[in-house]
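Chemist: One structure follows; several queries about it will come next.
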Amino acid sequence: MSVERGLDHAVPSAALPRKLAEILRPELASLSAEIVDEIRATIPAYARPLDGPYGRSIRAGVEYAITLFVAQIADPRASKEQSHEVHHRLGQNEMREGRSLDTLQSAYRVGARVSWRRIMRVGRRAGLSSAVMSQLADAMLAFMDELASVALDGYLEAKARTAGALDTWRRRLLGVLLEVPAAPPKAIAELAQLTGWVVPEQASPIAVQSPLNGRARRHATLDSDVLAELDSAEPCIVVPGAVNGARMATLQAALPNCRLSVGPCVPLASLADSLRWARRTLVLADRGRIAAERVLRAEEHLAALLVHSDGALTELLRTRLFAPLAEMTDKQQDRLLETLRAWLDSQANVVEIAERLQVHPQTVRYRMRQLQATFGELLRDPAARFEMELVLRAATPERPHAELPWPTPLKSTSVVPASRRPSSCEGAKSRR
């Protein structure tokens, strides 16, 4: 709904004989007065005296319209800018005066009717052909539609800027920004113009978590360029550009006692993904997978987000990899998995493992013999070691197998290296 929308409607005045401008120009002053009188006579909302700024605005709109129409006949390149500005303001004024959209559109229809009535009289007097009159009618009607469109934009813009409506439009804009698939740039631009929001190239979404899952209450004014939806079940904010220290301080002051999870700064088309990562970061903090700080930044936990992106898949991988541990006690599992994690992290350096675990190197060698006896060839397979590390990083640091109940022991406890492990379909074939 932009003011420039009217520019897309080409007025076919280039096809009209330029001498028509000379014929119509003397009619402008009286035609303007006739249009204003007809509008006041036929539309009750305009029957009031046209004194003061309001009356001057109405008359200026009519005069600019018919003057521009004739000017375009004389020179199709004549600028529309000033006339469009006048009619855009006219639409805004109509909304502020409390008139309906139908009333505004009716005024343009009256203007078109009166103009065509005058053109018919002038055309007959000047002996214009029916073909030229038809072209003139098409040009005039298209031109009036164009100006009505510009005024409509002004009307809607003023309506959007009223106190209650502005918040509604801003929330709608936020919703459009977070649509999946991404909304067309034109739809974003139109809503942004209604709200006065300057569309950035990139933005940062922020997931808001209120205390005890209560509503996020705003205790201070958010910056005018911040879009917020704080009343939903999953409150969020969108900030143009990156969230720097000063911006974050303002947000924390506005939303005290709330945890804020900042998604990566991304192009607008990727905002929904970034917000999803920010919300997932909150989940990981709640589950103790990452430190539960007041301000979280998803870009600092991308690896954790990736590892925890599919819990069911991680569980399946863990079941296949660590089935040989199923019959061990929790203490035995803890000790071996702790050692395995340290072994993977330190690239099998016994001294470093001992320092990490705060045990004697001989103890590490003993445990490694246990791991070797348990997993065999799996420890020498790079793909299997990578899978092991993924699963271990998906578990809590305090207890690697916590929240991951061990399955019923498999029929066969032999462990096949990942690089030579059959797929599910191959396994099914072999069992037939």
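Within each chain, counting starts at residue 1; across the structure tokens, chains are named A, B, ... in the order shown, with ligands numbered 1 upward in that order.
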So which residues touch Ile188 of chain A within 12 Å, counting only C-alpha atoms, skipping near sequence neighbours fewer than 5 positions away, as a PyMOL selection string?
Modeler: chain A and resi 1-2+169-170+172-179+182-183+193-201+268-269
Chemist: Fewer than 6 positions away in the same chain doesn't count, so skip those; otherwise give me all residues within 12 Å of Val307 of chain A, counting only C-alpha atoms, as a list in words.
Modeler: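 Returned residues: Arg280, Thr281, Leu284, Arg289, His301, Leu313, Thr314, Glu315, Leu317, Phe386, Glu387, Met388, Glu389, Leu390, Val391, Leu392, Arg393, Ala394 and Ala395 of chain A.
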Chemist: What does the distance from atom CA of Ala242 of chain A to atom CA of Pro264 of chain A come to in Å, to one decimal?
Modeler: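 Computing it gives 8.0 Å between the two atoms.
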Chemist: Report, in Å with one decimal, the straight-line distance from atom CA of Gly98 of chain A to atom CA of Val86 of chain A.
Modeler: 18.6 Å
Chemist: Which residues of segment 134-209 of chain A have any atom within 10 Å of an atom in segment 69-81 of chain A when counting only C-alpha atoms, and what is the closest pair of atoms for each, with the distance in Å to one decimal? Order the rows by chain and rising number and write it as a tab-separated table.
Modeler:
residue	atom	partner	partner_atom	distance
A:Leu136	CA	A:Ile73	CA	9.5
A:Ala139	CA	A:Phe69	CA	8.7
A:Met140	CA	A:Phe69	CA	7.4
A:Phe143	CA	A:Phe69	CA	7.2
A:Met144	CA	A:Phe69	CA	9.1
A:Leu147	CA	A:Lys80	CA	9.9
Chemist: Near Ala151 of chain A, within 9 Å and counting only C-alpha atoms, which residues show up once chain neighbours fewer than 6 positions away are dropped, as number ranges by chain?
Modeler: A: 3, 84, 86-92, 104-105
Chemist: Give the answer as one residue: which of A:Leu336, A:Ala126, A:Ala246, A:Ala228 has the shortest atom-to-atom distance to Arg369 of chain A, using only C-alpha atoms?
Modeler: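 Residue with the minimum atom-to-atom distance to Arg369 of chain A: A:Leu336.
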Chemist: Atom CA of Ser83 of chain A to atom CA of Leu152 of chain A: how many Å, to one decimal?
Modeler: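 Pair atom CA of Ser83 of chain A / atom CA of Leu152 of chain A returns 14.1 Å.
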